[in-house]
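One file, final-v3.cif, is given below (mmCIF, C-alpha atoms).
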data_structure
loop_
_atom_site.label_atom_id
_atom_site.label_comp_id
_atom_site.auth_asym_id
_atom_site.auth_seq_id
_atom_site.Cartn_x
_atom_site.Cartn_y
_atom_site.Cartn_z
CA MET A 39 124.09 143.87 63.58
CA HIS A 40 120.69 145.45 64.21
CA SER A 41 119.32 144.12 60.89
CA LYS A 42 120.47 140.57 61.73
CA VAL A 43 118.73 140.69 65.11
CA HIS A 44 115.61 142.14 63.45
CA SER A 45 115.64 139.34 60.85
CA TYR A 46 116.11 136.72 63.58
CA ASN A 47 113.14 138.06 65.54
CA ILE A 48 110.92 138.03 62.44
CA ASN A 49 111.91 134.41 61.70
CA LEU A 50 111.33 133.40 65.33
CA MET A 51 107.84 134.92 65.30
CA ASN A 52 107.09 133.21 62.00
CA TYR A 53 108.50 129.92 63.30
CA ASN A 54 106.28 129.98 66.38
CA SER A 55 103.24 130.81 64.27
CA VAL A 56 103.95 128.08 61.71
CA ARG A 57 104.80 125.54 64.41
CA ASN A 58 101.50 126.19 66.19
CA ASP A 59 99.66 125.72 62.91
CA VAL A 60 101.54 122.48 62.14
CA LEU A 61 100.92 121.07 65.63
CA SER A 62 97.24 121.95 65.45
CA TYR A 63 96.84 120.19 62.10
CA LEU A 64 98.95 117.24 63.27
CA GLY A 65 96.73 116.89 66.34
CA THR A 66 93.65 116.78 64.11
CA LEU A 67 95.17 114.08 61.91
CA LEU A 68 96.23 111.97 64.90
CA ASP A 69 92.78 112.26 66.48
CA GLN A 70 91.20 110.93 63.30
CA TYR A 71 93.90 108.45 62.25
CA ASP A 72 92.92 104.79 62.18
CA PHE A 73 95.20 103.15 64.74
CA SER A 74 93.33 99.83 64.59
CA ILE A 75 95.34 96.68 63.87
CA VAL A 76 94.75 95.42 60.32
CA GLU A 77 95.63 92.18 58.53
CA ASP A 78 98.50 93.78 56.59
CA ASN A 79 101.67 94.02 58.69
CA SER A 80 103.89 95.52 55.97
CA LEU A 81 106.25 98.46 56.32
CA PHE A 82 104.91 100.62 53.50
CA LYS A 83 101.17 100.21 54.06
CA GLY A 84 100.34 98.12 57.12
CA ASN A 85 100.76 97.78 60.87
CA SER A 86 104.53 98.30 60.71
CA SER A 87 104.02 101.79 59.25
CA LYS A 88 101.55 102.57 62.06
CA LEU A 89 104.17 101.32 64.51
CA LEU A 90 106.58 103.97 63.19
CA ILE A 91 104.08 106.69 64.12
CA LEU A 92 103.63 105.24 67.60
CA PHE A 93 107.40 105.15 68.06
CA GLU A 94 107.77 108.80 67.01
CA LEU A 95 105.00 109.76 69.45
CA TYR A 96 106.80 107.83 72.18
CA ARG A 97 110.05 109.66 71.41
CA LEU A 98 108.22 112.95 71.84
CA LYS A 99 106.44 111.86 75.00
CA SER A 100 107.86 108.81 76.76
CA ASN A 101 104.82 107.85 78.78
CA GLN A 102 103.47 104.40 79.61
CA GLN A 103 100.42 104.73 77.38
CA ASN A 104 102.52 105.31 74.26
CA LEU A 105 104.78 102.40 75.25
CA ASN A 106 101.76 100.14 75.78
CA ASN A 107 100.41 101.03 72.32
CA ILE A 108 103.75 100.09 70.75
CA GLN A 109 103.79 96.78 72.61
CA ILE A 110 100.25 95.87 71.49
CA PHE A 111 101.15 96.41 67.83
CA ALA A 112 104.53 94.68 68.12
CA ASP A 113 103.00 91.62 69.83
CA ASP A 114 100.37 91.26 67.11
CA ILE A 115 102.96 91.59 64.35
CA LYS A 116 105.23 89.00 65.97
CA GLU A 117 102.33 86.59 66.37
CA ASN A 118 101.38 86.77 62.69
CA ILE A 119 104.79 87.16 61.06
CA ASN A 120 104.83 83.59 59.74
CA ASP A 121 101.73 84.27 57.60
CA TYR A 122 103.78 86.21 55.04
CA SER A 123 104.59 84.73 51.65
CA ASP A 124 106.02 88.08 50.43
CA LEU A 125 109.62 88.54 51.58
CA SER A 126 110.25 92.05 50.24
CA PHE A 127 111.27 95.11 52.24
CA GLY A 128 108.32 97.29 51.23
CA SER A 129 105.43 94.86 51.47
CA GLY A 130 106.86 91.71 53.03
CA VAL A 131 108.51 90.09 56.00
CA PHE A 132 111.97 91.67 55.75
CA GLY A 133 110.51 95.17 56.07
CA VAL A 134 108.43 94.06 59.05
CA LEU A 135 111.50 92.57 60.71
CA PHE A 136 113.45 95.77 59.99
CA VAL A 137 110.93 97.77 62.04
CA LEU A 138 110.89 95.26 64.90
CA LEU A 139 114.70 95.12 65.00
CA SER A 140 114.92 98.93 64.95
CA LEU A 141 112.63 99.18 67.98
CA ASN A 142 114.54 96.37 69.70
CA ARG A 143 117.77 98.34 69.18
CA GLU A 144 116.08 101.39 70.69
CA LYS A 145 115.14 99.20 73.70
CA VAL A 146 111.45 99.97 73.20
CA ILE A 147 110.47 96.33 72.62
CA LYS A 148 112.22 93.00 73.10
CA ILE A 149 112.65 90.37 70.39
CA ASP A 150 113.96 86.90 71.23
CA ARG A 151 116.92 85.57 69.28
CA GLU A 152 114.85 82.87 67.54
CA LEU A 153 112.69 85.49 65.82
CA LYS A 154 115.74 87.63 64.99
CA ILE A 155 117.45 84.87 63.03
CA LYS A 156 114.41 82.88 61.86
CA HIS A 157 114.15 84.36 58.36
CA LEU A 158 117.86 84.79 57.62
CA SER A 159 117.93 81.33 56.03
CA LEU A 160 115.47 82.55 53.38
CA ALA A 161 117.71 85.43 52.28
CA ASP A 162 120.06 83.45 49.99
CA GLU A 163 117.39 81.96 47.73
CA TYR A 164 115.44 85.21 47.75
CA LEU A 165 118.53 87.17 46.72
CA ASN A 166 119.28 84.74 43.88
CA ASN A 167 115.79 85.34 42.48
CA LEU A 168 116.24 89.11 42.77
CA PHE A 169 119.59 88.90 41.00
CA LYS A 170 118.01 86.98 38.09
CA GLN A 171 115.32 89.67 37.82
CA LYS A 172 117.91 92.49 37.92
CA ASN A 173 115.88 93.85 40.82
CA TYR A 174 118.03 96.45 42.60
CA ASP A 175 114.98 98.15 44.11
CA LEU A 176 114.84 99.48 47.66
CA GLN A 177 111.11 98.87 47.97
CA GLN A 178 110.86 95.39 46.46
CA GLY A 179 114.41 94.31 45.65
CA ALA A 180 117.95 93.58 46.80
CA ILE A 181 118.77 96.98 48.29
CA GLY A 182 115.80 96.65 50.68
CA LEU A 183 117.11 93.29 51.84
CA GLY A 184 120.50 94.93 52.34
CA ILE A 185 118.97 97.58 54.62
CA TYR A 186 117.37 94.77 56.66
CA ALA A 187 120.75 93.01 56.91
CA ILE A 188 122.36 96.22 58.21
CA GLU A 189 119.73 96.45 60.95
CA CYS A 190 120.46 92.81 61.81
CA LEU A 191 124.10 93.77 62.37
CA ASN A 192 122.98 96.68 64.55
CA ASN A 193 121.23 94.03 66.67
CA LYS A 194 124.39 91.88 66.87
CA ILE A 195 123.09 89.33 64.36
CA ASP A 196 125.79 88.32 61.90
CA SER A 197 124.35 89.02 58.46
CA ARG A 198 127.57 90.16 56.78
CA ASN A 199 127.24 87.36 54.24
CA ILE A 200 124.14 89.13 52.87
CA LEU A 201 125.99 92.43 52.54
CA ILE A 202 128.95 90.69 50.88
CA LYS A 203 126.68 88.85 48.46
CA ILE A 204 124.86 92.04 47.46
CA THR A 205 128.11 94.01 47.18
CA ASP A 206 129.75 91.32 45.02
CA TRP A 207 126.67 91.27 42.79
CA LEU A 208 126.70 95.05 42.42
CA ILE A 209 130.39 94.92 41.48
CA ASP A 210 129.87 92.10 38.96
CA SER A 211 126.66 93.46 37.41
CA CYS A 212 127.55 97.12 37.02
CA ASN A 213 127.88 98.61 33.54
CA LYS A 214 130.80 100.87 32.72
CA LYS A 215 130.66 104.09 30.74
CA GLU A 216 133.89 106.05 30.53
CA ASP A 217 134.85 106.64 34.21
CA GLY A 218 131.35 105.98 35.54
CA VAL A 219 129.23 102.94 36.40
CA PHE A 220 125.48 102.29 36.44
CA TRP A 221 123.01 99.42 36.80
CA LYS A 222 120.18 98.39 34.47
CA TYR A 223 116.87 97.01 35.60
CA TYR A 224 113.20 96.75 34.72
CA LEU A 225 111.48 99.89 35.92
CA GLN A 226 107.71 99.72 36.33
CA ASN A 227 105.79 101.32 33.43
CA GLN A 228 108.82 101.02 31.12
CA ASN A 229 108.85 98.65 28.15
CA GLY A 230 112.33 97.33 28.84
CA LEU A 231 115.55 97.88 30.72
CA SER A 232 116.16 101.31 32.24
CA ILE A 233 118.73 103.16 34.28
CA CYS A 234 116.72 104.68 37.09
CA ILE A 235 118.35 107.61 38.86
CA GLY A 236 116.32 108.20 42.03
CA GLN A 237 116.38 107.26 45.68
CA LEU A 238 113.58 104.70 45.97
CA HIS A 239 114.15 102.74 42.77
CA GLY A 240 117.52 103.59 41.31
CA LEU A 241 121.16 104.53 41.28
CA THR A 242 121.05 106.84 44.31
CA SER A 243 119.62 104.12 46.56
CA ILE A 244 122.36 101.71 45.44
CA LEU A 245 125.11 104.23 46.23
CA THR A 246 123.50 105.15 49.55
CA PHE A 247 123.32 101.47 50.54
CA LEU A 248 126.97 100.90 49.61
CA SER A 249 128.12 103.91 51.63
CA ILE A 250 126.37 102.54 54.74
CA ALA A 251 127.36 98.89 54.19
CA ARG A 252 131.10 99.70 54.00
CA ARG A 253 131.35 100.34 57.75
CA TYR A 254 130.36 96.70 58.44
CA LEU A 255 132.74 95.07 55.98
CA SER A 256 136.47 94.37 55.73
CA LEU A 257 139.02 96.84 54.37
CA LYS A 258 139.11 94.89 51.09
CA TYR A 259 135.43 95.68 50.56
CA VAL A 260 135.75 99.26 51.78
CA VAL A 261 138.28 99.91 49.00
CA LYS A 262 135.99 98.27 46.41
CA ILE A 263 132.91 100.13 47.66
CA ASP A 264 134.64 103.52 47.72
CA ASP A 265 135.77 103.02 44.12
CA LEU A 266 132.33 101.83 42.98
CA THR A 267 130.57 104.68 44.78
CA SER A 268 132.92 107.27 43.30
CA ARG A 269 132.33 105.94 39.79
CA GLY A 270 128.59 105.69 40.35
CA LEU A 271 128.52 109.32 41.39
CA LYS A 272 130.45 110.25 38.23
CA PHE A 273 127.77 108.63 36.11
CA LEU A 274 125.00 110.29 38.14
CA MET A 275 126.58 113.71 37.64
CA SER A 276 126.93 113.05 33.91
CA THR A 277 123.10 113.06 33.67
CA ARG A 278 122.77 116.60 35.05
CA TYR A 279 120.59 118.94 33.00
CA ALA A 280 119.86 116.17 30.51
CA THR A 281 116.18 117.18 30.46
CA LYS A 282 114.83 120.70 30.25
CA GLY A 283 114.02 122.34 33.58
CA ASN A 284 115.28 119.46 35.76
CA TYR A 285 118.56 118.82 37.54
CA PHE A 286 118.38 115.05 36.93
CA PRO A 287 116.18 112.87 34.72
CA ILE A 288 113.97 110.20 36.27
CA ALA A 289 115.45 107.43 34.13
CA ILE A 290 117.23 106.55 30.94
CA ASP A 291 115.08 104.29 28.76
CA LEU A 292 117.48 101.74 27.24
CA SER A 293 114.74 100.24 25.07
CA ASN A 294 114.23 103.57 23.30
CA SER A 295 117.64 104.73 22.01
CA ASN A 296 118.80 105.58 25.55
CA ARG A 297 116.19 108.34 25.71
CA PHE A 298 116.17 110.40 28.91
CA ASN A 299 112.75 109.85 30.43
CA ASP A 300 111.24 112.79 32.28
CA THR A 301 107.52 113.21 31.84
CA ARG A 302 107.02 114.85 35.23
CA SER A 303 106.74 118.55 35.96
CA ASN A 304 107.44 118.42 39.69
CA ILE A 305 110.30 117.72 42.07
CA THR A 306 109.64 114.61 44.17
CA TYR A 307 111.25 112.43 46.81
CA CYS A 308 111.02 108.93 45.40
CA MET A 309 112.30 109.34 41.85
CA SER A 310 113.84 112.78 41.49
CA GLU A 311 115.85 115.58 43.08
CA ILE A 312 114.55 115.64 46.67
CA GLY A 313 115.37 111.98 47.30
CA ILE A 314 118.67 112.29 45.45
CA TYR A 315 119.61 115.31 47.57
CA PHE A 316 119.03 113.47 50.86
CA GLY A 317 120.72 110.34 49.48
CA LEU A 318 123.85 112.30 48.56
CA LYS A 319 123.93 113.93 51.99
CA ARG A 320 123.79 110.47 53.55
CA ILE A 321 126.58 109.21 51.30
CA ASN A 322 128.70 112.20 52.31
CA GLU A 323 128.25 111.33 55.98
CA HIS A 324 129.90 107.94 55.39
CA ILE A 325 132.38 108.72 52.60
CA ASN A 326 133.85 112.20 52.65
CA ILE A 327 134.08 113.17 48.99
CA ILE A 328 135.19 116.81 48.72
CA SER A 329 133.69 117.37 45.26
CA LEU A 330 130.34 116.06 46.49
CA ASN A 331 129.93 118.92 48.97
CA LYS A 332 129.71 121.47 46.17
CA GLU A 333 127.29 119.30 44.22
CA ILE A 334 124.97 118.91 47.22
CA VAL A 335 124.88 122.70 47.65
CA GLN A 336 123.99 123.17 43.98
CA ILE A 337 121.22 120.54 44.08
CA ASP A 338 119.90 122.13 47.27
CA GLU A 339 119.78 125.54 45.57
CA PHE A 340 118.01 124.04 42.56
CA ILE A 341 115.30 122.41 44.69
CA TYR A 342 114.91 125.45 46.93
CA ASN A 343 114.38 127.77 43.97
CA SER A 344 112.47 125.43 41.67
CA ILE A 345 109.66 123.83 43.70
CA ASN A 346 106.27 124.93 42.38
CA LEU A 347 103.43 123.60 44.50
CA ASN A 348 100.96 124.08 41.64
CA ASN A 349 102.73 121.33 39.69
CA TYR A 350 101.90 118.55 42.18
CA THR A 351 98.93 116.31 41.43
CA ASN A 352 98.60 114.70 44.87
CA PRO A 353 99.42 115.56 48.50
CA PHE A 354 101.42 112.47 49.45
CA PHE A 355 105.06 111.77 50.25
CA CYS A 356 106.23 109.79 47.24
CA HIS A 357 105.16 111.90 44.27
CA GLY A 358 103.25 114.69 46.02
CA PHE A 359 103.87 117.89 47.92
CA THR A 360 104.46 116.15 51.27
CA GLY A 361 107.84 115.22 49.78
CA ALA A 362 108.44 118.95 49.30
CA LEU A 363 107.28 119.53 52.89
CA TYR A 364 109.85 116.96 54.08
CA TYR A 365 112.55 118.89 52.22
CA PHE A 366 111.65 122.28 53.69
CA ILE A 367 111.29 120.86 57.22
CA LEU A 368 114.66 119.09 57.19
CA LYS A 369 116.65 121.40 54.91
CA HIS A 370 118.22 123.65 57.55
CA LYS A 371 116.46 122.55 60.72
CA PRO A 372 116.31 124.34 63.14
CA ASP A 373 117.61 127.51 61.39
CA TYR A 374 114.70 127.98 59.01
CA SER A 375 114.73 130.74 56.44
CA LEU A 376 111.65 132.91 56.12
CA TYR A 377 110.96 131.35 52.72
CA SER A 378 111.14 127.79 54.13
CA LEU A 379 108.66 128.75 56.85
CA GLN A 380 106.36 130.28 54.25
CA MET A 381 106.52 127.11 52.14
CA ILE A 382 105.84 124.88 55.16
CA ALA A 383 102.83 127.02 56.06
CA GLU A 384 101.55 126.96 52.46
CA ILE A 385 101.90 123.18 52.12
CA VAL A 386 100.09 122.60 55.43
CA SER A 387 97.35 124.95 54.22
CA ARG A 388 97.01 122.87 51.04
CA LEU A 389 97.00 119.64 53.03
CA LYS A 390 94.06 120.92 55.03
CA GLN A 391 92.12 121.37 51.81
CA GLN A 392 92.71 117.75 50.73
CA ASP A 393 90.32 114.89 51.31
CA ILE A 394 92.90 112.57 52.88
CA SER A 395 91.71 109.12 53.91
CA LEU A 396 93.04 108.58 57.41
CA GLY A 397 92.30 104.89 57.04
CA ASN A 398 94.96 104.69 54.34
CA ALA A 399 98.11 103.82 56.28
CA ASN A 400 100.36 103.91 53.21
CA LEU A 401 103.77 105.36 53.96
CA LEU A 402 104.41 106.63 50.43
CA SER A 403 100.92 107.50 49.21
CA GLY A 404 98.76 107.78 52.30
CA SER A 405 98.24 109.51 55.61
CA THR A 406 101.11 107.75 57.43
CA GLY A 407 103.74 109.50 55.32
CA ILE A 408 102.08 112.87 55.93
CA ILE A 409 101.94 112.36 59.70
CA LEU A 410 105.55 111.13 59.95
CA THR A 411 106.70 114.16 57.95
CA LEU A 412 104.81 116.59 60.18
CA LEU A 413 106.33 114.90 63.25
CA LYS A 414 109.79 115.93 61.94
CA PHE A 415 109.01 119.64 62.50
#

Would you put the structure from the file into structure tokens?
Amino acid sequence: MHSKVHSYNINLMNYNSVRNDVLSYLGTLLDQYDFSIVEDNSLFKGNSSKLLILFELYRLKSNQQNLNNIQIFADDIKENINDYSDLSFGSGVFGVLFVLLSLNREKVIKIDRELKIKHLSLADEYLNNLFKQKNYDLQQGAIGLGIYAIECLNNKIDSRNILIKITDWLIDSCNKKEDGVFWKYYLQNQNGLSICIGQLHGLTSILTFLSIARRYLSLKYVVKIDDLTSRGLKFLMSTRYATKGNYFPIAIDLSNSNRFNDTRSNITYCMSEIGIYFGLKRINEHINIISLNKEIVQIDEFIYNSINLNNYTNPFFCHGFTGALYYFILKHKPDYSLYSLQMIAEIVSRLKQQDISLGNANLLSGSTGIILTLLKF
């Protein structure tokens, strides 16, 4: 009993020390961050990503100044939303609307019904084009539009037809291998069709989307989704340890004798184990799959014991060590292990040594992703 109390006190002292260091560095970043309104309103690199920071600051401190800042950004975005020719979730209008609808649901801003439903009519044709391209992507494809449609439903806008259309397409376009299923599409920097595994561009994002969408659809679709998700997970687990030193590969290159593609030496959020881990946890929240619990624990242990900060080539969220920071911050919050606190402290120390452009509002490869991650602590 004495040793447990002693260990708790050590962790508490370390937590307070690390937290003070994180808050100090976060304060420096926020003081220097470019909060000016720019021409780009997009979710992944424009005003909408800045709006996410302002919202998190408002959640921490609900004062009038923070609320006014949110309103200024939201008003400018609403005024210029018709200027977008790009409809995608990551860099286009549907991602912008997702942010506005999220803040409307939180009762932080108000959106009139006309704006809420204005772009729904564009979804059908846009989806048809994405289907032809085999574009299942979260950032630029059909899954991103599905996430927007779910937020519409959270705002009492009937967009179930979008979810049904995407779900039917996923059912019809899946490929079967033994008891598993997967989807093929053109992954950037690949010569041809691939099976991507990760959370931003691949199989995990599809399964995560399906697990969330099921709660908005009829029992007929719930049964179909549960079966498809179960089989998708079987295929995902069949790729375990396919490449040396990694739990999962990044992709399977179908244009090169089904070669497992894994040229990376680090563990990242967007395309490898960190994103997959959080995706599987999300799936398990919506569909209780007993066998998945054990798998999540094993992936967690792999990440926890395998992250080597010296292997990262950049500091950002997508492919850099801020993705690792996100993992250690959220892994067992608020019951941090001593090792997690040490890793958080080390990553923040390395961030301080980086020349990070605070004018780069990119969520995945810029200062916005770093700030939003630090705000999670």

Correct to one decimal, the distance atom CA of A:Leu158-atom CA of A:Ile110 is 25.0 Å

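Here atom CA of A:Gln177 and atom CA of A:His239 stand 7.2 Å from one another.
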
Quick one: residues within 7 Å of stretch 322-337 of chain A, all atoms listed in the file counted, chain neighbours fewer than 6 positions away excluded, as an NGL selection string? :A and (249-250 or 315)

Any chance you could work out the residue set of the PyMOL selection byres ((chain A and resi 128-131) around 6) here, as a ChimeraX atom specification? /A:80-82,124-127,132-134,177-178

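Summary of the local environment: counting only C-alpha atoms, residues at most 9 Å from A:Asn85, other than itself and those fewer than 3 positions away along its chain, are A:Phe73, A:Ser74, A:Ile75, A:Val76, A:Glu77, A:Asp78, A:Asn79, A:Ser80, A:Leu81, A:Phe82, A:Lys88, A:Leu89, A:Leu90, A:Phe111, A:Ala112, A:Ile115, A:Val134, A:Ala399.
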
Identify which of the residues A:Lys156, A:Lys116, A:Arg278, A:Arg97 lies closest to A:Leu138, counting all atoms listed in the file when measuring atom-to-atom distances. A:Lys116

Looking at only C-alpha atoms, which of A:Lys99, A:Lys258, A:Arg269, A:Arg57 is the one that sits closest to A:Ala383?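 Going through A:Lys99, A:Lys258, A:Arg269, A:Arg57 one by one, the smallest distance to A:Ala383 is for A:Arg57.
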
On this file, the PyMOL selection byres ((chain A and resi 242) around 12) gives some set of residues; write that set as a PyMOL selection string. chain A and resi 174-176+181+220-221+233-241+243-249+267-268+270-275+286+288-289+307-321

I need the residues from that last selection saved to file as an mmCIF file, keeping the file's coordinate frame (with C-alpha atoms), if you can.
data_model
loop_
_atom_site.group_PDB
_atom_site.id
_atom_site.type_symbol
_atom_site.label_atom_id
_atom_site.label_comp_id
_atom_site.auth_asym_id
_atom_site.auth_seq_id
_atom_site.Cartn_x
_atom_site.Cartn_y
_atom_site.Cartn_z
ATOM 1 C CA TYR A 174 118.030 96.450 42.600
ATOM 2 C CA ASP A 175 114.980 98.150 44.110
ATOM 3 C CA LEU A 176 114.840 99.480 47.660
ATOM 4 C CA ILE A 181 118.770 96.980 48.290
ATOM 5 C CA PHE A 220 125.480 102.290 36.440
ATOM 6 C CA TRP A 221 123.010 99.420 36.800
ATOM 7 C CA ILE A 233 118.730 103.160 34.280
ATOM 8 C CA CYS A 234 116.720 104.680 37.090
ATOM 9 C CA ILE A 235 118.350 107.610 38.860
ATOM 10 C CA GLY A 236 116.320 108.200 42.030
ATOM 11 C CA GLN A 237 116.380 107.260 45.680
ATOM 12 C CA LEU A 238 113.580 104.700 45.970
ATOM 13 C CA HIS A 239 114.150 102.740 42.770
ATOM 14 C CA GLY A 240 117.520 103.590 41.310
ATOM 15 C CA LEU A 241 121.160 104.530 41.280
ATOM 16 C CA SER A 243 119.620 104.120 46.560
ATOM 17 C CA ILE A 244 122.360 101.710 45.440
ATOM 18 C CA LEU A 245 125.110 104.230 46.230
ATOM 19 C CA THR A 246 123.500 105.150 49.550
ATOM 20 C CA PHE A 247 123.320 101.470 50.540
ATOM 21 C CA LEU A 248 126.970 100.900 49.610
ATOM 22 C CA SER A 249 128.120 103.910 51.630
ATOM 23 C CA THR A 267 130.570 104.680 44.780
ATOM 24 C CA SER A 268 132.920 107.270 43.300
ATOM 25 C CA GLY A 270 128.590 105.690 40.350
ATOM 26 C CA LEU A 271 128.520 109.320 41.390
ATOM 27 C CA LYS A 272 130.450 110.250 38.230
ATOM 28 C CA PHE A 273 127.770 108.630 36.110
ATOM 29 C CA LEU A 274 125.000 110.290 38.140
ATOM 30 C CA MET A 275 126.580 113.710 37.640
ATOM 31 C CA PHE A 286 118.380 115.050 36.930
ATOM 32 C CA ILE A 288 113.970 110.200 36.270
ATOM 33 C CA ALA A 289 115.450 107.430 34.130
ATOM 34 C CA TYR A 307 111.250 112.430 46.810
ATOM 35 C CA CYS A 308 111.020 108.930 45.400
ATOM 36 C CA MET A 309 112.300 109.340 41.850
ATOM 37 C CA SER A 310 113.840 112.780 41.490
ATOM 38 C CA GLU A 311 115.850 115.580 43.080
ATOM 39 C CA ILE A 312 114.550 115.640 46.670
ATOM 40 C CA GLY A 313 115.370 111.980 47.300
ATOM 41 C CA ILE A 314 118.670 112.290 45.450
ATOM 42 C CA TYR A 315 119.610 115.310 47.570
ATOM 43 C CA PHE A 316 119.030 113.470 50.860
ATOM 44 C CA GLY A 317 120.720 110.340 49.480
ATOM 45 C CA LEU A 318 123.850 112.300 48.560
ATOM 46 C CA LYS A 319 123.930 113.930 51.990
ATOM 47 C CA ARG A 320 123.790 110.470 53.550
ATOM 48 C CA ILE A 321 126.580 109.210 51.300
#

Evaluate the PyMOL selection byres ((chain A and resi 365) around 9) against this structure - the residues, as an MDAnalysis selection string, please. chainID A and resid 307 312:313 316 341:342 360:364 366:369

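Neighbourhood of point (123.4, 88.8, 49.7): residues with an atom at most 10 Å away, counting all atoms listed in the file, are Ala161, Asp162, Glu163, Tyr164, Leu165, Asn166, Leu168, Phe169, Ala180, Ile181, Leu183, Gly184, Ala187, Ser197, Arg198, Asn199, Ile200, Leu201, Ile202, Lys203, Ile204, Thr205, Asp206 and Trp207 of chain A.
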
Create the file for the chosen residues now, containing C-alpha atoms and written as a PDB file, in the coordinates of the input.
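Wrote it out as again_18.pdb, contents follow:
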ATOM      1  CA  ALA A 161     117.710  85.430  52.280  1.00  0.00           C
ATOM      2  CA  ASP A 162     120.060  83.450  49.990  1.00  0.00           C
ATOM      3  CA  GLU A 163     117.390  81.960  47.730  1.00  0.00           C
ATOM      4  CA  TYR A 164     115.440  85.210  47.750  1.00  0.00           C
ATOM      5  CA  LEU A 165     118.530  87.170  46.720  1.00  0.00           C
ATOM      6  CA  ASN A 166     119.280  84.740  43.880  1.00  0.00           C
ATOM      7  CA  LEU A 168     116.240  89.110  42.770  1.00  0.00           C
ATOM      8  CA  PHE A 169     119.590  88.900  41.000  1.00  0.00           C
ATOM      9  CA  ALA A 180     117.950  93.580  46.800  1.00  0.00           C
ATOM     10  CA  ILE A 181     118.770  96.980  48.290  1.00  0.00           C
ATOM     11  CA  LEU A 183     117.110  93.290  51.840  1.00  0.00           C
ATOM     12  CA  GLY A 184     120.500  94.930  52.340  1.00  0.00           C
ATOM     13  CA  ALA A 187     120.750  93.010  56.910  1.00  0.00           C
ATOM     14  CA  SER A 197     124.350  89.020  58.460  1.00  0.00           C
ATOM     15  CA  ARG A 198     127.570  90.160  56.780  1.00  0.00           C
ATOM     16  CA  ASN A 199     127.240  87.360  54.240  1.00  0.00           C
ATOM     17  CA  ILE A 200     124.140  89.130  52.870  1.00  0.00           C
ATOM     18  CA  LEU A 201     125.990  92.430  52.540  1.00  0.00           C
ATOM     19  CA  ILE A 202     128.950  90.690  50.880  1.00  0.00           C
ATOM     20  CA  LYS A 203     126.680  88.850  48.460  1.00  0.00           C
ATOM     21  CA  ILE A 204     124.860  92.040  47.460  1.00  0.00           C
ATOM     22  CA  THR A 205     128.110  94.010  47.180  1.00  0.00           C
ATOM     23  CA  ASP A 206     129.750  91.320  45.020  1.00  0.00           C
ATOM     24  CA  TRP A 207     126.670  91.270  42.790  1.00  0.00           C
TER      25      TRP A 207
END

Interatomic distance between atom CA of A:Lys148 and atom CA of A:Ser100? 16.8 Å

A:Ser405, A:Phe355, A:Asn348, A:Asn54 ranked by distance to A:Arg388, top pick (using only C-alpha atoms):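 Of A:Ser405, A:Phe355, A:Asn348, A:Asn54, the one nearest A:Arg388, counting only C-alpha atoms, is A:Asn348.
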
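Checking A:Ile147, A:Leu231, A:Ile345, A:Ile305 one by one against A:Asp291, counting only C-alpha atoms, you find the shortest gap at A:Leu231.
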
I want to know what sits within 9 Å of A:Pro353, based on all atoms listed in the file, with residues of the same chain fewer than 5 positions away left out; could you give that as number ranges by chain? A: 358-361, 385, 388-389, 392, 394, 403-404, 408
